[in-house]
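Engineer: First the structure, which I've put down as structure tokens, then a few questions once you've had a look.
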Amino acid sequence: MFDYLIVGAGFAGSVLAERLATRSNKKVLIIDKRSHIGGNAYDHYNEDGILIHKYGPHIFHTNSKDVFDYLGNFTEWRPYEHRVLASVDGQLVPMPINLDTINKLYGLNLTSFQVEEFFASVAEEVPVIKTSEDVVVSKVGRELYNKFFKNYTNKQWGLDPSQLDKSVTSRVPTRTNRDDRYFTDTFQAMPLHGYTRMFEKMLDHPNIKIMLNTDYHEVIKFIPFKEMIFTGPVDEYFDFQFGKLPYRSLEFKHDTLNKEQHLAAPVVNFPNEHAYTRITEFKALTGQSHPKTAIVYEYPQAEGDPYYPVPMPENAELYAKYKKLADETPNVHFVGRLATYKYYNMDQVVAQALTLYKKLTDKEEAAKPVRPAIAGSTSLVEKLINREPAKE
């Protein structure tokens with residue numbers, strides 16, 4: 001009998017398996033339909049010996065010392081600050097948009113104060129910001145919106161930014177200084193030996209059993225367990241009874257090139273040309289030294305593995321129906337991107353899993369029987385300590 005059956009060996013499932021096994025001495029079975037652990041963060045060495053991320057670039061960044069330190073139990077860190085260039089008007093310019101982006105794009109020599117005035121002069125007034133288009137045009141105006149966001153978002157989501165919730169483009173800042181880092185979090189680093197090695201150490205415990213290439217539908221009737229932690233698509237768990245929650249997927253085309261470096265930055269975005277949205281060069285992320293280089297092209301698509309929940313009001317309403325069912329399902333805990341239909345960064349998934357672990361342990365403590373107090377004002381321990389010594 002397992003204490004917990006965990007469906008999914010990505011961040012959410014693996015963190016909970018590790019905590020429950022090592023801190024609560026629980027017997028855990030973790031299953032995954034894929035042939036590997038690590039979820040979308042899985043990395044491996046290709047045929048040429050280059051460490052690549054199978055499902056596109058995964059850049060770790062967080063403001064949470066607790067999350068950073070927790071994962072640090074299973075990996076050494078390689079300091080890394082992510083930088084991205086965008087191909088616009090035949091030039092490669094920094095993304096997110098900053099002072100250098102504007103100066104290079106328009107052949108100007110503005111200062112930080114002047115670029116702030118420039119943004120104010122081109123920004124459109126939007127009384128109520130609701131959509132992704134609203135977010136961008138209210139900050140940097142229509143022209144920059146068209147150059148950097150409109151077509152990229154269309155490719156990524158298969159929808160015009162005016163149809164998408166404001167949260168999509170709100171994630172991308174606009175800067176008036178020359179800071180060209182994609183993220184500004186306190187902790188920015190990559191696992192020194194890769195994500196898969198980190199997951200292997202996380203799950204290396206006698207209380208944890210792993211089954212790969214396993215669909216939980218096929219084994220759930222045959223495996224005895226007390227509680228389940230589910231990290232897969234919440235609509236799938238409930239047999240799509242309200243309909244299917246929409247996701248965007250990606251196709252990854254990997255290539256190895258017979259040269260040491262291919263890109264001018266770790267990632268180059270292509271908002272306007274090509275069917276793909278970006279190219280990533282993995283050695284720039286991992287710091288690996290190798291005479292060849294490996295890259296990946298990302299092609300957004302409607303069908304395939306679910307990666308990005310589509311942030312539209314009608315989808316939020318549909319998810320609310322599934323959430324109600326999830327909340328009412330005893331002894332099943334839903335955690336992670338797919339189970340909660342929300343796009344989370346890796347650190348947010350780790351934090352969510354650690355929070356659920358605390359709730360589970362708090363619930364277990366609360367369920368323990370309380371021994372009845374012994375009558376009288378003095379406790380049994382005090383009576384034993386204060387009793388008169390026996391007479392010889």
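All residue names refer to the structure tokens as shown: chains lettered A, B, ... in order, residues numbered from 1 in each chain, ligands numbered from 1 in order.
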Report as a list in words all protein, DNA and RNA residues lying within 7 Å of A:Thr62, evaluated on only C-alpha atoms, omitting residues in the same chain fewer than 4 positions from it.
Structural biologist: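 My list of contacting residues is Asp185, Thr186, Phe187, Gln188 and Asp347 of chain A.
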Engineer: Looking only at the backbone, which of the residues in stretch 137-283 of chain A does DSSP tag as alpha helix (DSSP H), as an NGL selection string?
Structural biologist: :A and (137-144 or 151-157 or 167-170 or 195-202 or 216-219 or 234-237 or 282-283)
Engineer: Residues within 10 Å of A:Asn331, please, as a list in words. Count only C-alpha atoms; anything in the same chain fewer than 6 positions from it doesn't count.
Structural biologist: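 Residues near the query, excluding close chain neighbours: Tyr4, Lys226, Glu227, Met228 and Ile229 of chain A.
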Engineer: How would the residues just picked look written out with N, CA and C atoms as a PDB file, in the first residue's frame?
Structural biologist:
ATOM      1  N   TYR A   4       0.941   7.637  -1.031  1.00  0.00           N
ATOM      2  CA  TYR A   4       0.588   8.596  -2.083  1.00  0.00           C
ATOM      3  C   TYR A   4       0.920   8.017  -3.461  1.00  0.00           C
ATOM      4  N   LYS A 226      -3.478   5.491  -0.640  1.00  0.00           N
ATOM      5  CA  LYS A 226      -4.381   6.215   0.254  1.00  0.00           C
ATOM      6  C   LYS A 226      -4.828   7.545  -0.347  1.00  0.00           C
ATOM      7  N   GLU A 227      -3.876   8.303  -0.893  1.00  0.00           N
ATOM      8  CA  GLU A 227      -4.203   9.600  -1.474  1.00  0.00           C
ATOM      9  C   GLU A 227      -3.460   9.776  -2.791  1.00  0.00           C
ATOM     10  N   MET A 228      -4.024  10.652  -3.639  1.00  0.00           N
ATOM     11  CA  MET A 228      -3.403  10.918  -4.932  1.00  0.00           C
ATOM     12  C   MET A 228      -3.017  12.380  -5.042  1.00  0.00           C
ATOM     13  N   ILE A 229      -1.880  12.622  -5.674  1.00  0.00           N
ATOM     14  CA  ILE A 229      -1.487  13.972  -6.083  1.00  0.00           C
ATOM     15  C   ILE A 229      -1.463  13.969  -7.606  1.00  0.00           C
TER      16      ILE A 229
END
Engineer: From the DSSP assignment of the backbone, select every residue of stretch 162-298 of chain A that is strand (DSSP E or B), and format the answer as a compact mmCIF listing (two decimals) with N, CA and C atoms, in the first residue's frame.
Structural biologist:
# COMPACT_ATOMS: atom_id res chain seq x y z
N ASP A 165 -6.07 37.85 -22.82
CA ASP A 165 -6.05 38.54 -21.54
C ASP A 165 -4.76 39.36 -21.39
N ARG A 181 18.98 42.39 -19.39
CA ARG A 181 18.63 41.07 -18.87
C ARG A 181 17.15 40.81 -19.09
N PHE A 187 17.65 35.76 -7.75
CA PHE A 187 18.41 34.54 -7.98
C PHE A 187 18.21 34.09 -9.42
N GLN A 188 19.31 34.05 -10.17
CA GLN A 188 19.27 33.62 -11.57
C GLN A 188 20.43 32.66 -11.78
N ALA A 189 20.11 31.42 -12.14
CA ALA A 189 21.16 30.41 -12.27
C ALA A 189 20.61 29.21 -13.03
N MET A 190 21.53 28.35 -13.45
CA MET A 190 21.17 27.09 -14.11
C MET A 190 21.76 25.94 -13.31
N PRO A 191 21.06 24.81 -13.23
CA PRO A 191 21.65 23.64 -12.56
C PRO A 191 22.97 23.27 -13.24
N ILE A 208 10.63 6.10 -2.44
CA ILE A 208 10.06 6.55 -3.72
C ILE A 208 10.25 5.48 -4.79
N LYS A 209 9.16 5.06 -5.38
CA LYS A 209 9.19 4.17 -6.53
C LYS A 209 8.73 4.94 -7.76
N ILE A 210 9.33 4.67 -8.91
CA ILE A 210 9.04 5.40 -10.14
C ILE A 210 8.61 4.42 -11.23
N MET A 211 7.52 4.76 -11.90
CA MET A 211 7.06 4.00 -13.07
C MET A 211 6.95 4.96 -14.24
N PHE A 225 -3.45 2.67 -2.88
CA PHE A 225 -2.89 3.91 -2.35
C PHE A 225 -3.94 4.61 -1.51
N LYS A 226 -3.48 5.49 -0.64
CA LYS A 226 -4.38 6.21 0.25
C LYS A 226 -4.83 7.55 -0.35
N GLU A 227 -3.88 8.30 -0.89
CA GLU A 227 -4.20 9.60 -1.47
C GLU A 227 -3.46 9.78 -2.79
N MET A 228 -4.02 10.65 -3.64
CA MET A 228 -3.40 10.92 -4.93
C MET A 228 -3.02 12.38 -5.04
N ILE A 229 -1.88 12.62 -5.67
CA ILE A 229 -1.49 13.97 -6.08
C ILE A 229 -1.46 13.97 -7.61
N PHE A 230 -2.29 14.81 -8.21
CA PHE A 230 -2.47 14.79 -9.65
C PHE A 230 -1.90 16.07 -10.26
N TYR A 247 -5.41 24.56 -24.95
CA TYR A 247 -3.98 24.79 -24.72
C TYR A 247 -3.31 25.10 -26.05
N ARG A 248 -2.19 25.80 -25.97
CA ARG A 248 -1.30 25.91 -27.12
C ARG A 248 -0.15 24.93 -26.92
N SER A 249 0.30 24.38 -28.02
CA SER A 249 1.39 23.43 -27.97
C SER A 249 2.57 23.96 -28.78
N LEU A 250 3.65 23.20 -28.79
CA LEU A 250 4.86 23.58 -29.52
C LEU A 250 5.44 22.37 -30.22
N GLU A 251 6.02 22.62 -31.38
CA GLU A 251 6.84 21.61 -32.05
C GLU A 251 8.28 22.11 -31.99
N PHE A 252 9.18 21.22 -31.59
CA PHE A 252 10.59 21.59 -31.46
C PHE A 252 11.40 20.89 -32.55
N LYS A 253 12.17 21.67 -33.29
CA LYS A 253 13.05 21.11 -34.30
C LYS A 253 14.50 21.37 -33.89
N HIS A 254 15.17 20.30 -33.49
CA HIS A 254 16.55 20.39 -33.00
C HIS A 254 17.53 20.21 -34.15
N ASP A 255 18.67 20.88 -34.03
CA ASP A 255 19.71 20.75 -35.05
C ASP A 255 21.07 20.93 -34.39
N THR A 256 22.06 20.23 -34.91
CA THR A 256 23.44 20.39 -34.45
C THR A 256 24.26 20.95 -35.61
N LEU A 257 25.02 22.00 -35.32
CA LEU A 257 25.79 22.69 -36.36
C LEU A 257 27.28 22.50 -36.11
N VAL A 267 19.14 33.38 -26.99
CA VAL A 267 17.86 33.23 -27.68
C VAL A 267 17.65 34.43 -28.60
N VAL A 268 17.19 34.16 -29.82
CA VAL A 268 16.82 35.23 -30.74
C VAL A 268 15.35 35.04 -31.12
N ASN A 269 14.55 36.07 -30.88
CA ASN A 269 13.13 36.05 -31.24
C ASN A 269 12.94 36.54 -32.67
N ARG A 278 11.21 31.56 -32.20
CA ARG A 278 12.54 31.86 -31.66
C ARG A 278 13.49 30.68 -31.91
N ILE A 279 14.78 30.98 -31.80
CA ILE A 279 15.83 29.96 -31.85
C ILE A 279 16.63 30.08 -30.56
N THR A 280 16.96 28.93 -29.98
CA THR A 280 17.78 28.89 -28.77
C THR A 280 19.07 28.13 -29.04
N GLU A 281 20.18 28.63 -28.51
CA GLU A 281 21.47 27.94 -28.58
C GLU A 281 21.83 27.46 -27.17
N THR A 293 27.72 23.07 -31.96
CA THR A 293 26.68 23.74 -31.18
C THR A 293 25.32 23.17 -31.54
N ALA A 294 24.40 23.18 -30.59
CA ALA A 294 23.06 22.65 -30.78
C ALA A 294 22.04 23.77 -30.62
N ILE A 295 21.07 23.80 -31.53
CA ILE A 295 20.03 24.83 -31.49
C ILE A 295 18.66 24.17 -31.60
N VAL A 296 17.62 24.92 -31.26
CA VAL A 296 16.26 24.43 -31.43
C VAL A 296 15.38 25.56 -31.94
N TYR A 297 14.52 25.23 -32.90
CA TYR A 297 13.51 26.13 -33.42
C TYR A 297 12.18 25.78 -32.76
N GLU A 298 11.40 26.81 -32.40
CA GLU A 298 10.09 26.57 -31.78
C GLU A 298 8.97 27.00 -32.72
Engineer: Hey, what's within 8 Å of A:Glu125 if we count only C-alpha atoms and toss same-chain stuff fewer than 2 positions away? As a PDB file with N, CA and C atoms, in the first residue's frame, please?
Structural biologist:
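Result file is selection_9.pdb:
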ATOM      1  N   ALA A 123       2.746  56.591 -26.651  1.00  0.00           N
ATOM      2  CA  ALA A 123       1.769  55.734 -25.974  1.00  0.00           C
ATOM      3  C   ALA A 123       0.340  56.178 -26.282  1.00  0.00           C
ATOM      4  N   PRO A 127      -8.376  53.706 -21.528  1.00  0.00           N
ATOM      5  CA  PRO A 127      -9.076  53.940 -20.249  1.00  0.00           C
ATOM      6  C   PRO A 127      -9.088  52.719 -19.333  1.00  0.00           C
ATOM      7  N   SER A 138      -0.531  51.021 -24.600  1.00  0.00           N
ATOM      8  CA  SER A 138      -0.606  52.039 -23.545  1.00  0.00           C
ATOM      9  C   SER A 138       0.770  52.384 -22.993  1.00  0.00           C
TER      10      SER A 138
END
Engineer: Counting only C-alpha atoms, figure out which residue out of A:Tyr341, A:Tyr182, A:Phe113, A:Phe199 gets nearest to A:Pro309.
Structural biologist: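 The shortest atom-to-atom distance to A:Pro309 comes from A:Tyr341.
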Engineer: Could you state the separation of atom CA of A:Gln163 and atom CA of A:Val234 in Å, given to one decimal place?
Structural biologist: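 Separating atom CA of A:Gln163 from atom CA of A:Val234 is a distance of 24.0 Å.
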Engineer: Here is a test: counting only C-alpha atoms, which residue of A:Pro291, A:Leu164, A:Asp179, A:Pro266 is nearest to A:Ala316?
Structural biologist: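 The shortest atom-to-atom distance to A:Ala316 comes from A:Leu164.
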